[in-house]
Amino acid sequence: MNHSTKTTTEEIPKVYDPNQVETRWYEYWMEHGYFNADVNPNKTPYTIVIPPPNVTSALHIGHAFNNTLQDILIRFHRKLGYETLWLPGTDHAGIATQNVVEKELRKQNLTRHDLGREEFVKRVWQWKEKHGGTIIKQLKMMGCSCDWRRERFTRDEKYSHAVLEAFIRLYRKGWIYRGKYIINWCPRCATALSDEEVVHKETDGHLWYIRYPLKDSDEYLVVATTRPETMLGDTAVMVHPDDKRYKKYIGKTVILPLMNREIPVIGDLHVDPQFGTGVVKVTPAHDPNDFQVGQRHGLPQVNILNEDGTLNEHAGNFAGLDRFVARKQIVETLKKQKLLEKIEPHQHSIGHCQRCDTIIEPYLSTQWFVKMKELAKPALDAVLNGDIKLHPHERWIKTYIHWMENIRDWCISRQLWWGHQIPVYYCDHCNHLMVEHQAPEKCEKCGSTELHQDPDVLDTWFSSWLWPFATLGWPEDTEDLRYFYPTDTLVTGADILFFWVARMIISGYEFMGEKPFKDVYLNGIVRDAQGRKMSKSLGNGIDPLDIIEKYSADALRSTLVMLSSEGQDINLAESHFEIGRNFSNKIWNAYRFLALNIQTPVDNYTDYREHFELSDHWILSRLNETVRSVTDNLHNFHLNDAFNAVYHFFWDEFCDWYLELIKPRLALQDSQPEKMTATTVATHVMKTCMGLLHPFIPFITEEIWQRLKNDDDESLIIAPWPETDAALIRPALEKEMSLLQNIITGIRTIRAEMNIPPAKKATLLYRTENEHLRQLITDYGHYIQLLGRIEDIHPLKDEGELKQTASMVVDELELFIPLADLIDIEVEKKRLQKEIDRLTDQIVGLQKKLSNEDFLRKAPEQVIQQSKEKLASFTEKRDKLKVNLERLS
């Protein structure tokens, strides 16, 4: 690859073509091993582990946003000199992957049961090998600078060993147990779901009011329920013990309708007397709260459901029916038996399976659980005492505390075939249970060789909660683990704060005795332009690969960062990516302009310090302010503020002002120091901006930097991060330049409003008592002439010159442009009147405020003083404009 620092005009395309640039530079970075990180005692490590996308995934816009943020931090720290590791990988994604492969089988009229477990798992591995690398290839197209040598998969042999080791250690410490519990059950996926895998949707349903006859009485209690089919499994009805309406019934017996089973009336504080009639049914096998009530009162647990959502033998005449068919038949039967009092519409939240959208069932099942209360304490303390910081902190700290203080035991078993099979072995002879990495040869208790392994697999999150250290070699004590752990930053979506981030913190302290990361940056969700979540059903998704092809990877990255603010959601339309593409074009055009005006790009601007003009001092001052701002913002996770700082500096100050101001010097002979001053300063600013922009838009910045680099430089990706030179920051000179910019902007505004043709050069008159301002115009009037298209500048000599002039006020300067033969005088009079009216409104508002005793009593003295100064300034400007209007009249 040719990286000559000398560039001829022919080598600089007029239009920037990202397709020619992005693949070439990515291959170059990969070939040179710039993404690689190794144990290096001479460097401080900086580590990010990628949130492993599901192996089934293709890159969506949320991935693009999240990985852009990670790459920004990685590239920034790499340039700061850290040994920078971004560790990539994918998650085996139990339910999601199994569903995909089962869908493929259905096309062949097969089920997993037709194949058997071993053959089915083999098929899933084949699918993974064929399709599983898609998202990794796509991340590379975005420019992600991961150490791809270290790519991990949660079902790799070593990683799987770590998962089983974690289970075994927790079991032997007494943190894992097997028990019956109400879990979320998906009849379609035929597996338990964690609370986080259930999506709750507000649904228009009904409340059915059912009469439960009291034994040996004509009376009945009326129970309201949203799920009448579960009444077949009722083992009690309950009332609040202090409810005067029903206290007398506690201890009595009712007859369960349709089943003719006697069940007790109990009193329990769980009952809300305001819900329904104040009498509720208790179904311990089909409701988590009823399960707890049943435990307190020693009630039997009657499960009426099969795993596929049909009713079982405990459902009497309704056995074999689908749950919703059974509901209809039960309601009809109750009506016929005059046991249905009424039906009311009722809106309530119903849980759906995240994967297949089936309505889930609370289901009593034997599962494996992790006791979480004690394990969670160090993870709660770590965030409370600041060992781990959440960004944005204020938004998420309360949510995190609430979750951790109310944490429930974690159901970790899943009735799937794809995943880490639970390392528990049962003796078929004596039912003894053994927990081992490998199948024991015989039962340690009775010696029988007839053993079988628990058929369930572990929840996917049980493997991914080990991600920060299992990817580095745990449970072995590896060099990588000692060097790169704890990692530094985790960047992830806030939607998985609890069931991934919090669990990683828990496992870090449990298995490593140390936090897994220091900072957690929680990015928002990418929504469509209307603020809706992107989804296949709405058809409102934006494919990042389409954006890369149409606009470029740099445009994709810069637009996403520019539109985001810390932790907030992004509302995104495809047209927004024009912002990123336009910025890339602006950068290319600025580079091309410079390259066409210089023979050899050198940035030894300090050699020409004695020839500096105001604009040189100013641009270097603003550059160093920008370096400081970008650096501070990146350190503090204000990534979009960092990007916006350099974006606005480059476009609004370097391109719009400095490059315009140096055009006369660029026209001089190459040997003249004035030209060398301008070119070396401009080259230095350009190269520094490429360094600042590189974490955000790595491709175009590398392309331009390579064309401007010194002979001994290697690559922008490893070039040192720009440092602030405080000595070059000159606030006083920035103020002077700002005055000149305001004058030029004012002239341009007048020219535009008065429709003065660009070819017509105007005269500028000025009046001021301020000697410093007079000298500024004398010294730098050529800036005003160049950019304001002014032919002559001189101080006002007499009032007669003010006839028919356009005027403006900048600081303590009054400025006038004679308009004779240039404009329509009546239009100018209207402009002045409009500005006078605007200032009058401001003055009236300030006068009201300053005459308000309440404001004067409560407002800080500084605020009152500022209001007085504004009033004086506005009044003075208005009075001057009134005089100018009178002149035109």
# chains A, B, ... in the order shown; residues from 1 in each chain; ligands from 1

$ select_by_dssp --residues "range 366-526 of chain A" --states "strand (DSSP E or B)" --output "VMD selection string"
chain A and resid 366 to 370 389 to 391 410 to 411 413 to 414 421 424 to 427 433 to 435 451 to 453 457 to 458 489 to 493 519 to 523 526

$ closest_atom_pairs --of "range 85-144 of chain A" --to "range 353-367 of chain A" --cutoff "9 Å" --atoms "only C-alpha atoms" --output "tab-separated table"
residue	atom	partner	partner_atom	distance
A:Ile95	CA	A:Arg355	CA	7.5
A:Ala96	CA	A:Arg355	CA	6.7
A:Asn99	CA	A:Arg355	CA	8.4

$ closest_atom_pairs --of "range 57-176 of chain A" --to "range 622-645 of chain A" --cutoff "9 Å" --atoms "only C-alpha atoms" --output "tab-separated table"
residue	atom	partner	partner_atom	distance
A:Leu69	CA	A:Leu639	CA	7.7
A:Ile72	CA	A:Leu639	CA	8.2
A:Leu73	CA	A:Leu634	CA	7.5
A:Phe76	CA	A:Leu634	CA	8.0

$ closest_residue --among "A:Glu702, A:Gly267, A:Arg169, A:Leu822" --to "Pro758 in chain A" --atoms "only C-alpha atoms"
A:Leu822

$ closest_residue --among "A:Leu881, A:Lys848, A:Ala64, A:Ile598" --to "Ser558 in chain A" --atoms "only C-alpha atoms"
A:Ala64

$ closest_residue --among "A:Asn40, A:Tyr591, A:Arg296, A:His617" --to "Arg482 in chain A" --atoms "only C-alpha atoms"
A:Asn40
